[in-house]
file query_18.pdb (PDB, C-alpha atoms)
ATOM      1  CA  MET A 175     109.012 103.383 141.574
ATOM      2  CA  SER A 176     108.321  99.653 141.341
ATOM      3  CA  ALA A 177     110.965  97.069 140.551
ATOM      4  CA  GLU A 178     109.045  96.267 137.346
ATOM      5  CA  SER A 179     109.266  99.859 136.029
ATOM      6  CA  VAL A 180     112.983 100.013 136.876
ATOM      7  CA  LYS A 181     113.508  96.797 134.879
ATOM      8  CA  ARG A 182     111.881  98.271 131.763
ATOM      9  CA  ARG A 183     113.939 101.461 131.783
ATOM     10  CA  VAL A 184     116.294 101.686 128.822
ATOM     11  CA  GLN A 185     119.891 102.415 129.691
ATOM     12  CA  TRP A 186     121.522 104.489 126.980
ATOM     13  CA  PRO A 187     125.274 104.258 126.597
ATOM     14  CA  VAL A 188     127.270 107.272 127.731
ATOM     15  CA  PRO A 189     129.272 108.627 124.788
ATOM     16  CA  PRO A 190     133.058 108.675 125.047
ATOM     17  CA  GLN A 191     134.671 112.100 125.423
ATOM     18  CA  ASP A 192     135.834 112.157 121.789
ATOM     19  CA  GLY A 193     132.615 110.630 120.431
ATOM     20  CA  TYR A 194     131.856 107.210 119.048
ATOM     21  CA  THR A 195     133.736 105.431 116.263
ATOM     22  CA  VAL A 196     132.501 102.988 113.643
ATOM     23  CA  ASP A 197     133.902 100.183 115.820
ATOM     24  CA  ASP A 198     131.465 101.264 118.537
ATOM     25  CA  LEU A 199     128.611 101.383 116.013
ATOM     26  CA  PHE A 200     129.137  97.702 115.236
ATOM     27  CA  THR A 201     129.763  96.504 118.796
ATOM     28  CA  LEU A 202     127.449  98.469 121.134
ATOM     29  CA  PRO A 203     124.700  96.104 122.269
ATOM     30  CA  ASP A 204     120.977  96.727 121.732
ATOM     31  CA  LEU A 205     121.202  99.748 119.440
ATOM     32  CA  PRO A 206     117.919 100.333 117.591
ATOM     33  CA  ARG A 207     117.759  99.299 113.933
ATOM     34  CA  HIS A 208     119.106 101.808 111.415
ATOM     35  CA  THR A 209     121.246 103.684 113.969
ATOM     36  CA  GLU A 210     123.787 105.829 112.123
ATOM     37  CA  LEU A 211     127.074 107.427 113.151
ATOM     38  CA  ILE A 212     127.483 111.056 112.075
ATOM     39  CA  ASP A 213     130.546 112.968 113.270
ATOM     40  CA  GLY A 214     130.998 110.632 116.220
ATOM     41  CA  SER A 215     127.377 110.881 117.400
ATOM     42  CA  LEU A 216     124.799 108.121 117.278
ATOM     43  CA  VAL A 217     121.687 109.126 115.322
ATOM     44  CA  LEU A 218     118.475 107.182 115.934
ATOM     45  CA  VAL A 219     115.981 107.029 113.092
ATOM     46  CA  SER A 220     112.290 107.833 113.655
ATOM     47  CA  PRO A 221     109.460 105.746 112.193
ATOM     48  CA  GLN A 222     109.104 106.487 108.482
ATOM     49  CA  ARG A 223     106.178 107.620 106.326
ATOM     50  CA  ARG A 224     104.688 105.211 103.783
ATOM     51  CA  PHE A 225     106.117 107.422 101.013
ATOM     52  CA  HIS A 226     109.621 106.600 102.254
ATOM     53  CA  PHE A 227     109.163 102.848 101.877
ATOM     54  CA  LEU A 228     107.353 103.076  98.539
ATOM     55  CA  ALA A 229     110.032 105.382  97.111
ATOM     56  CA  ILE A 230     112.812 103.036  98.228
ATOM     57  CA  ASP A 231     111.021  99.976  96.823
ATOM     58  CA  LEU A 232     110.435 101.696  93.474
ATOM     59  CA  LEU A 233     114.043 102.892  93.177
ATOM     60  CA  VAL A 234     115.555  99.570  94.290
ATOM     61  CA  ASN A 235     113.460  97.688  91.739
ATOM     62  CA  GLY A 236     114.336 100.222  89.044
ATOM     63  CA  LEU A 237     118.047 100.062  89.827
ATOM     64  CA  LEU A 238     117.975  96.251  89.934
ATOM     65  CA  SER A 239     116.220  96.009  86.571
ATOM     66  CA  SER A 240     119.346  97.099  84.681
ATOM     67  CA  VAL A 241     122.222  96.593  87.121
ATOM     68  CA  PRO A 242     125.261  95.044  85.411
ATOM     69  CA  PRO A 243     126.896  92.011  87.089
ATOM     70  CA  GLU A 244     129.868  94.054  88.331
ATOM     71  CA  PHE A 245     127.598  96.083  90.636
ATOM     72  CA  SER A 246     125.151  95.242  93.414
ATOM     73  CA  VAL A 247     122.147  97.250  94.663
ATOM     74  CA  GLU A 248     121.983  97.286  98.469
ATOM     75  CA  ARG A 249     119.403  98.648 100.888
ATOM     76  CA  ASP A 250     119.898 100.047 104.411
ATOM     77  CA  MET A 251     123.573  99.119 104.791
ATOM     78  CA  THR A 252     126.080 101.170 106.765
ATOM     79  CA  VAL A 253     128.796 102.812 104.675
ATOM     80  CA  VAL A 254     132.033 103.473 106.552
ATOM     81  CA  LEU A 255     133.293 106.892 105.444
ATOM     82  CA  ASP A 256     135.941 107.295 108.149
ATOM     83  CA  ARG A 257     136.374 106.311 111.802
ATOM     84  CA  ARG A 258     133.718 108.817 112.981
ATOM     85  CA  ASN A 259     131.139 108.485 110.193
ATOM     86  CA  GLY A 260     129.037 105.437 109.364
ATOM     87  CA  PRO A 261     125.791 106.632 107.782
ATOM     88  CA  GLU A 262     123.225 104.233 106.373
ATOM     89  CA  PRO A 263     122.043 105.340 102.932
ATOM     90  CA  ASP A 264     118.564 104.161 102.016
ATOM     91  CA  ILE A 265     120.058 102.619  98.870
ATOM     92  CA  SER A 266     123.630 102.054  97.723
ATOM     93  CA  VAL A 267     125.074 100.752  94.493
ATOM     94  CA  VAL A 268     128.354  99.011  95.311
ATOM     95  CA  ARG A 269     131.006  97.042  93.491
ATOM     96  CA  ALA A 270     129.948  93.377  93.405
ATOM     97  CA  GLU A 271     133.328  92.199  94.694
ATOM     98  CA  ALA A 272     132.675  94.163  97.916
ATOM     99  CA  VAL A 273     129.754  91.867  98.766
ATOM    100  CA  THR A 274     131.135  89.216 101.115
ATOM    101  CA  GLY A 275     128.078  87.308 102.279
ATOM    102  CA  LEU A 276     124.840  87.270 104.199
ATOM    103  CA  ARG A 277     126.433  88.273 107.527
ATOM    104  CA  GLN A 278     127.957  91.451 106.098
ATOM    105  CA  THR A 279     127.056  94.617 108.049
ATOM    106  CA  HIS A 280     128.711  97.419 106.080
ATOM    107  CA  PHE A 281     130.579  98.590 103.010
ATOM    108  CA  GLU A 282     133.623 100.826 102.696
ATOM    109  CA  ALA A 283     133.109 104.169 100.938
ATOM    110  CA  ALA A 284     135.638 103.187  98.245
ATOM    111  CA  ASP A 285     133.272 100.407  97.117
ATOM    112  CA  VAL A 286     130.195 102.650  96.771
ATOM    113  CA  LEU A 287     129.336 104.200  93.397
ATOM    114  CA  LEU A 288     125.938 105.679  94.296
ATOM    115  CA  ALA A 289     124.354 106.658  97.619
ATOM    116  CA  VAL A 290     120.621 107.443  97.695
ATOM    117  CA  GLU A 291     118.845 109.266 100.521
ATOM    118  CA  VAL A 292     115.049 109.559 100.697
ATOM    119  CA  VAL A 293     114.290 112.639 102.808
ATOM    120  CA  SER A 294     112.121 112.225 105.902
ATOM    121  CA  PRO A 295     110.832 114.993 108.193
ATOM    122  CA  ASP A 296     113.311 114.053 110.936
ATOM    123  CA  SER A 297     116.294 113.776 108.581
ATOM    124  CA  GLU A 298     115.994 116.809 106.284
ATOM    125  CA  ALA A 299     119.188 118.547 107.432
ATOM    126  CA  ARG A 300     121.196 115.310 107.528
ATOM    127  CA  ASP A 301     120.006 114.135 104.104
ATOM    128  CA  ARG A 302     120.291 117.518 102.342
ATOM    129  CA  ASN A 303     123.479 118.848 103.936
ATOM    130  CA  TYR A 304     125.579 116.647 106.193
ATOM    131  CA  LYS A 305     125.447 113.344 104.372
ATOM    132  CA  PRO A 306     126.088 114.636 100.823
ATOM    133  CA  GLN A 307     129.096 116.610 102.054
ATOM    134  CA  ARG A 308     130.518 113.561 103.769
ATOM    135  CA  TYR A 309     129.742 111.204 100.868
ATOM    136  CA  ALA A 310     131.519 113.569  98.466
ATOM    137  CA  ALA A 311     134.502 113.988 100.804
ATOM    138  CA  ALA A 312     134.778 110.187 101.009
ATOM    139  CA  GLY A 313     134.925 109.969  97.198
ATOM    140  CA  ILE A 314     131.500 108.452  96.425
ATOM    141  CA  PRO A 315     131.021 109.536  92.784
ATOM    142  CA  HIS A 316     127.201 109.725  92.615
ATOM    143  CA  PHE A 317     124.466 110.856  95.006
ATOM    144  CA  TRP A 318     120.665 111.036  94.683
ATOM    145  CA  LEU A 319     118.446 113.106  96.966
ATOM    146  CA  VAL A 320     114.824 111.933  96.806
ATOM    147  CA  GLU A 321     111.902 113.980  98.110
ATOM    148  CA  MET A 322     108.126 114.178  98.083
ATOM    149  CA  ALA A 323     107.186 117.171  95.918
ATOM    150  CA  GLY A 324     104.195 119.160  94.747
ATOM    151  CA  ARG A 325     100.580 119.021  95.841
ATOM    152  CA  ASP A 326     100.272 115.478  94.514
ATOM    153  CA  ASP A 327     103.204 114.255  96.673
ATOM    154  CA  HIS A 328     105.067 112.903  93.652
ATOM    155  CA  LEU A 329     108.601 111.597  93.718
ATOM    156  CA  ALA A 330     111.368 114.058  92.820
ATOM    157  CA  VAL A 331     114.910 112.772  92.327
ATOM    158  CA  GLN A 332     117.844 115.194  92.361
ATOM    159  CA  VAL A 333     120.877 113.589  90.717
ATOM    160  CA  TYR A 334     124.399 114.743  91.675
ATOM    161  CA  GLU A 335     127.832 113.876  90.368
ATOM    162  CA  ARG A 336     131.119 114.440  92.193
ATOM    163  CA  GLY A 337     133.641 116.694  90.497
ATOM    164  CA  GLU A 338     137.177 115.344  90.723
ATOM    165  CA  ALA A 339     138.714 118.828  90.804
ATOM    166  CA  THR A 340     136.431 120.162  93.551
ATOM    167  CA  GLY A 341     135.646 116.985  95.482
ATOM    168  CA  THR A 342     132.040 118.210  95.816
ATOM    169  CA  TYR A 343     128.742 117.287  94.185
ATOM    170  CA  ALA A 344     127.199 119.237  91.323
ATOM    171  CA  LEU A 345     123.538 118.875  90.414
ATOM    172  CA  THR A 346     123.175 117.232  86.989
ATOM    173  CA  GLY A 347     119.381 116.980  86.866
ATOM    174  CA  ILE A 348     116.046 116.951  88.696
ATOM    175  CA  TYR A 349     113.581 114.265  87.652
ATOM    176  CA  HIS A 350     109.847 114.247  88.454
ATOM    177  CA  ASP A 351     108.362 111.638  86.124
ATOM    178  CA  HIS A 352     111.203 109.574  84.770
ATOM    179  CA  VAL A 353     114.900 109.044  85.542
ATOM    180  CA  LYS A 354     116.842 108.075  82.424
ATOM    181  CA  ILE A 355     120.591 108.464  82.833
ATOM    182  CA  GLY A 356     123.815 106.681  81.893
ATOM    183  CA  VAL A 357     125.798 106.880  85.149
ATOM    184  CA  PRO A 358     126.915 104.944  87.124
ATOM    185  CA  TYR A 359     125.245 102.602  84.582
ATOM    186  CA  ASP A 360     122.229 102.815  82.250
ATOM    187  CA  ILE A 361     119.231 103.548  84.487
ATOM    188  CA  ASP A 362     115.609 103.967  83.366
ATOM    189  CA  ILE A 363     112.972 104.334  86.129
ATOM    190  CA  ASP A 364     109.338 105.461  85.868
ATOM    191  CA  LEU A 365     108.854 107.596  89.007
ATOM    192  CA  THR A 366     105.077 107.985  88.586
ATOM    193  CA  ALA A 367     104.461 104.461  89.898
ATOM    194  CA  VAL A 368     104.689 105.750  93.504
ATOM    195  CA  THR A 369     101.631 107.987  93.183
ATOM    196  CA  ARG A 370      99.704 105.333  91.227
ATOM    197  CA  ARG A 371      99.825 102.928  94.184
ATOM    198  CA  PRO A 372      96.733 102.920  96.438
TER     199      PRO A 372
END
call {"tool": "encode", "arguments": {"input": "query_18.pdb", "output": "structure tokens"}}
result
Amino acid sequence: MSAESVKRRVQWPVPPQDGYTVDDLFTLPDLPRHTELIDGSLVLVSPQRRFHFLAIDLLVNGLLSSVPPEFSVERDMTVVLDRRNGPEPDISVVRAEAVTGLRQTHFEAADVLLAVEVVSPDSEARDRNYKPQRYAAAGIPHFWLVEMAGRDDHLAVQVYERGEATGTYALTGIYHDHVKIGVPYDIDIDLTAVTRRP
């Protein structure tokens, strides 16, 4: 093996015996973009399909179009749920007072009103099972699961609300063409715009 090939080899950090913490997530050098912490394990994100980016853009723009001043719509920011969980929702709606500046790297779960996950092939189990359970346990009141559906690959948004008595999410609606709801604020988004783009 040449010295040049040894130089290019990536050295992955060895996990601590009890797993990583959110402190590690923010201080380990050279982690790839969008690395998440789930149950003390680092999760690296694969390259995304075009649908993923278009869905996020559409939803961010739709959420921004009616967001009241007391809230802020954020994209790809880590949410600290506890010391062993720091997922990165595709979109979050947070309390405006939690936004501290351009160098901010994360939000606390208590400041998040809505977490949105757009499902990708490599993240189906995390987005459908692990993350919603952890978001609900951390007290985030609203969750959206967004998927590509049908033969025409249209956008489908499953809207969930957290029950105070159970501490879990309950499905309140599935939207294929249009999301028009009143929580966490008045939201009105035409979902068909994704499939109309070339």
call {"tool": "atom_distance", "arguments": {"input": "query_18.pdb", "atom1": "CA of Glu338 (chain A)", "atom2": "CA of Ser215 (chain A)"}}
result
28.8 Å
call {"tool": "atom_distance", "arguments": {"input": "query_18.pdb", "atom1": "CA of Val353 (chain A)", "atom2": "CA of Val273 (chain A)"}}
result
26.3 Å
call {"tool": "residues_near_point", "arguments": {"input": "query_18.pdb", "point": "(129.1, 109.6, 111.8)", "cutoff": "7 Å", "atoms": "all atoms listed in the file", "output": "PyMOL selection string"}}
result
chain A and resi 210-215+258-261
call {"tool": "residues_around", "arguments": {"input": "query_18.pdb", "residues": "region 321-323 of chain A", "least_positions_apart": "6", "cutoff": "10 Å", "atoms": "all atoms listed in the file", "output": "PyMOL selection string"}}
result
chain A and resi 225-226+229+291-294+298+329-332+350
call {"tool": "closest_residue", "arguments": {"input": "query_18.pdb", "among": "A:Val320, A:Val333, A:Ala311, A:Ala339", "to": "Leu228 (chain A)", "atoms": "all atoms listed in the file"}}
result
A:Val320
call {"tool": "resolve_selection", "arguments": {"input": "query_18.pdb", "expression": "the PyMOL selection byres ((chain A and resi 219) around 12)", "output": "PyMOL selection string"}}
result
chain A and resi 205-211+216-218+220-223+250+261-264+293-298+300
call {"tool": "atom_distance", "arguments": {"input": "query_18.pdb", "atom1": "CA of Asp198 (chain A)", "atom2": "CA of Val286 (chain A)"}}
result
21.8 Å
call {"tool": "closest_residue", "arguments": {"input": "query_18.pdb", "among": "A:Tyr194, A:Tyr359, A:Phe245, A:Tyr334", "to": "Gln307 (chain A)", "atoms": "only C-alpha atoms"}}
result
A:Tyr334
call {"tool": "closest_residue", "arguments": {"input": "query_18.pdb", "among": "A:Glu271, A:Asp256, A:Glu248, A:Asp351", "to": "Tyr309 (chain A)", "atoms": "all atoms listed in the file"}}
result
A:Asp256
call {"tool": "residues_near_point", "arguments": {"input": "query_18.pdb", "point": "(108.6, 99.9, 86.2)", "cutoff": "8 Å", "atoms": "only C-alpha atoms", "output": "list in words"}}
result
Leu232, Asn235, Gly236, Ile363, Asp364 and Ala367 of chain A
call {"tool": "closest_residue", "arguments": {"input": "query_18.pdb", "among": "A:Val234, A:Val196, A:Val188, A:Val290", "to": "Asp362 (chain A)", "atoms": "only C-alpha atoms"}}
result
A:Val234
